[in-house]
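Only one structure is covered here, and it is reproduced in the block below.
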Amino acid sequence: MESSHKVQRALGLLQEAYREQMEGDYARAAELYHASIKQHPTAEAHTYLGWTYGSEERYEEAIRECRKAIHVDPEFGNPYNDIGSYLIQMGKLKEAIPWLEQAKSAPRYQPRHFPYLNLARVYMAQGKTEEALRQMEQARFIESGLEENEPDGPERDVQTLH
C-alpha cells in the first residue's frame with residue numbers, strides 16, 4: 001500500500017512539474033521533478049527534467065537525465081530522441097545519429113515522427129539532401145497516421161509507471 005501511495009504521489013508531482021514547465025517556470029518544474037523522482041523514479045520524470053535543463057541550454061545535464069531515464073526504462077523512446085536533439089544543439093551531429101535511430105525503434109514512444117525530423121535536420125546540415133528528404137517523407141507518413149486528439153505530456157507518456 002505504501003508503494004502504491006508513493007507511485008500516485010510521484011505521478012501527481014510529475015503532472016504538476018509538467019504544468020510548471022509549460023508555464024516557463026523551469027526552476028519550480030525541476031524542483032517538482034526531483035520530488036517525483038525521490039518518491040518513485042520514472043523514465044518520464046527523468047526525461048522531462050532533462051527537457052527542463054535543455055530548455056535552459058544545460059545540455060550536459062539534460063543528457064545525464066536522459067541516460068538515467070533509459071536506465072529506468074530502456075523501452076521509453078523519448079530520452080533517445082532528446083539526447084539526439086541535445087547533441088544537435090551542441091553541434092555534435094554525427095554523435096546524434098545513433099540516438100535518433102534508437103528512438104525510431106523504441107517500443108514505447110510518441111510522437112514517433114520526431115526522430116525522423118531530427119535526422120532530417122542532421123542530414124541537411126551534413127549536405128545529404130536526399131537522405132534528409134527521405135527522413136522528412138517518413139516523418140510526414142508517420143505523422144499523418146497519428147490521432148488528432150492524442151494527449152500531450154505526462155498523460156500521454158505515463159501509461160504505466162516503471
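We name chains A, B, ... following the order of the C-alpha cells; residues begin at 1 in each chain, and ligands are numbered from 1 as shown.
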Write out, as a tab-separated table, each residue of region 29-116 of chain A that has an atom at most 10 Å from region 135-144 of chain A, together with the closest pair of atoms and their distance in Å to one decimal, counting only C-alpha atoms, rows going by chain and rising number.
residue	atom	partner	partner_atom	distance
A:Pro111	CA	A:Glu143	CA	7.9
A:Arg112	CA	A:Ile142	CA	7.1
A:His113	CA	A:Ala139	CA	4.6
A:Phe114	CA	A:Ala139	CA	7.2
A:Pro115	CA	A:Ala139	CA	8.2
A:Tyr116	CA	A:Gln135	CA	5.1
Any chance you could export the current selection's C-alpha atoms as a PDB file, in the first residue's frame?
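What follows is the written file selection.pdb:
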ATOM      1  CA  PRO A 111       5.366  11.364 -31.101  1.00  0.00           C
ATOM      2  CA  ARG A 112       7.000   8.729 -33.269  1.00  0.00           C
ATOM      3  CA  HIS A 113       7.840  11.124 -36.136  1.00  0.00           C
ATOM      4  CA  PHE A 114      10.184  13.389 -34.106  1.00  0.00           C
ATOM      5  CA  PRO A 115      13.409  11.365 -34.568  1.00  0.00           C
ATOM      6  CA  TYR A 116      12.828  11.376 -38.324  1.00  0.00           C
TER       7      TYR A 116
END
Mind dumping a table of every region 42-66 of chain A residue within 9 Å of region 10-30 of chain A, with the nearest atom pair and its distance in Å to one decimal, using only C-alpha atoms, sorted by chain and rising number, as a Markdown table?
| residue | atom | partner | partner_atom | distance |
| --- | --- | --- | --- | --- |
| A:Thr42 | CA | A:Ala10 | CA | 8.6 |
| A:Glu44 | CA | A:Leu14 | CA | 8.2 |
| A:Ala45 | CA | A:Leu14 | CA | 6.2 |
| A:Tyr48 | CA | A:Tyr18 | CA | 7.5 |
| A:Leu49 | CA | A:Ala30 | CA | 5.9 |
| A:Gly50 | CA | A:Ala30 | CA | 8.9 |
| A:Thr52 | CA | A:Tyr26 | CA | 5.9 |
| A:Tyr53 | CA | A:Tyr26 | CA | 7.9 |
| A:Ser55 | CA | A:Tyr26 | CA | 8.1 |
| A:Glu56 | CA | A:Tyr26 | CA | 8.0 |
Per DSSP on the backbone, filter region 67-147 of chain A down to the residues in alpha helix (DSSP H) and report them as a PDB file with C-alpha atoms, in the first residue's frame.
ATOM      1  CA  ARG A  67      20.615   8.453 -19.636  1.00  0.00           C
ATOM      2  CA  LYS A  68      19.021   7.902 -16.215  1.00  0.00           C
ATOM      3  CA  ALA A  69      15.629   7.620 -17.928  1.00  0.00           C
ATOM      4  CA  ILE A  70      16.985   4.973 -20.284  1.00  0.00           C
ATOM      5  CA  HIS A  71      18.399   3.068 -17.314  1.00  0.00           C
ATOM      6  CA  VAL A  72      14.960   3.089 -15.646  1.00  0.00           C
ATOM      7  CA  ASN A  78      11.686   9.938 -25.739  1.00  0.00           C
ATOM      8  CA  PRO A  79      15.073  10.150 -23.999  1.00  0.00           C
ATOM      9  CA  TYR A  80      16.842   8.660 -27.034  1.00  0.00           C
ATOM     10  CA  ASN A  81      15.372  11.347 -29.285  1.00  0.00           C
ATOM     11  CA  ASP A  82      16.061  14.032 -26.704  1.00  0.00           C
ATOM     12  CA  ILE A  83      19.732  13.057 -26.407  1.00  0.00           C
ATOM     13  CA  GLY A  84      19.966  13.250 -30.193  1.00  0.00           C
ATOM     14  CA  SER A  85      18.310  16.658 -30.161  1.00  0.00           C
ATOM     15  CA  TYR A  86      20.660  17.991 -27.460  1.00  0.00           C
ATOM     16  CA  LEU A  87      23.673  16.703 -29.378  1.00  0.00           C
ATOM     17  CA  ILE A  88      22.400  18.525 -32.477  1.00  0.00           C
ATOM     18  CA  GLN A  89      22.131  21.715 -30.426  1.00  0.00           C
ATOM     19  CA  LEU A  93      25.698  15.905 -35.497  1.00  0.00           C
ATOM     20  CA  LYS A  94      27.440  12.587 -36.084  1.00  0.00           C
ATOM     21  CA  GLU A  95      27.012  11.606 -32.420  1.00  0.00           C
ATOM     22  CA  ALA A  96      23.283  12.364 -32.613  1.00  0.00           C
ATOM     23  CA  ILE A  97      22.518   9.842 -35.356  1.00  0.00           C
ATOM     24  CA  PRO A  98      22.662   6.572 -33.344  1.00  0.00           C
ATOM     25  CA  TRP A  99      20.481   8.060 -30.602  1.00  0.00           C
ATOM     26  CA  LEU A 100      17.866   9.159 -33.119  1.00  0.00           C
ATOM     27  CA  GLU A 101      17.954   5.747 -34.799  1.00  0.00           C
ATOM     28  CA  GLN A 102      17.320   4.097 -31.421  1.00  0.00           C
ATOM     29  CA  ALA A 103      14.355   6.410 -30.828  1.00  0.00           C
ATOM     30  CA  LYS A 104      12.829   5.281 -34.127  1.00  0.00           C
ATOM     31  CA  SER A 105      12.688   1.667 -32.960  1.00  0.00           C
ATOM     32  CA  PHE A 114      10.184  13.389 -34.106  1.00  0.00           C
ATOM     33  CA  PRO A 115      13.409  11.365 -34.568  1.00  0.00           C
ATOM     34  CA  TYR A 116      12.828  11.376 -38.324  1.00  0.00           C
ATOM     35  CA  LEU A 117      12.541  15.170 -38.292  1.00  0.00           C
ATOM     36  CA  ASN A 118      15.700  15.450 -36.210  1.00  0.00           C
ATOM     37  CA  LEU A 119      17.561  13.092 -38.536  1.00  0.00           C
ATOM     38  CA  ALA A 120      16.440  15.242 -41.461  1.00  0.00           C
ATOM     39  CA  ARG A 121      17.983  18.261 -39.700  1.00  0.00           C
ATOM     40  CA  VAL A 122      21.259  16.371 -39.270  1.00  0.00           C
ATOM     41  CA  TYR A 123      21.379  15.195 -42.875  1.00  0.00           C
ATOM     42  CA  MET A 124      20.541  18.667 -44.215  1.00  0.00           C
ATOM     43  CA  ALA A 125      23.357  20.158 -42.126  1.00  0.00           C
ATOM     44  CA  THR A 129      19.780  16.314 -49.101  1.00  0.00           C
ATOM     45  CA  GLU A 130      18.340  13.071 -50.485  1.00  0.00           C
ATOM     46  CA  GLU A 131      18.637  11.288 -47.139  1.00  0.00           C
ATOM     47  CA  ALA A 132      17.126  14.320 -45.388  1.00  0.00           C
ATOM     48  CA  LEU A 133      14.177  14.251 -47.784  1.00  0.00           C
ATOM     49  CA  ARG A 134      13.667  10.516 -47.146  1.00  0.00           C
ATOM     50  CA  GLN A 135      13.548  11.178 -43.408  1.00  0.00           C
ATOM     51  CA  MET A 136      11.088  14.064 -43.903  1.00  0.00           C
ATOM     52  CA  GLU A 137       8.841  11.914 -46.074  1.00  0.00           C
ATOM     53  CA  GLN A 138       8.861   9.145 -43.477  1.00  0.00           C
ATOM     54  CA  ALA A 139       8.055  11.681 -40.738  1.00  0.00           C
ATOM     55  CA  ARG A 140       5.154  13.008 -42.791  1.00  0.00           C
ATOM     56  CA  PHE A 141       3.846   9.486 -43.384  1.00  0.00           C
ATOM     57  CA  ILE A 142       4.045   8.602 -39.682  1.00  0.00           C
ATOM     58  CA  GLU A 143       2.611  11.929 -38.529  1.00  0.00           C
ATOM     59  CA  SER A 144      -0.362  11.624 -40.880  1.00  0.00           C
TER      60      SER A 144
END
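Across A:Gln126, A:Leu32, A:Ile37, A:Met90, the tightest approach to Val7 (chain A) is made by A:Ile37 when counting only C-alpha atoms.
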| query | Could you state the separation of CA of Tyr59 (chain A) and CA of Tyr109 (chain A) in Å, given to one decimal place? | reply |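 It comes out at 21.2 Å.
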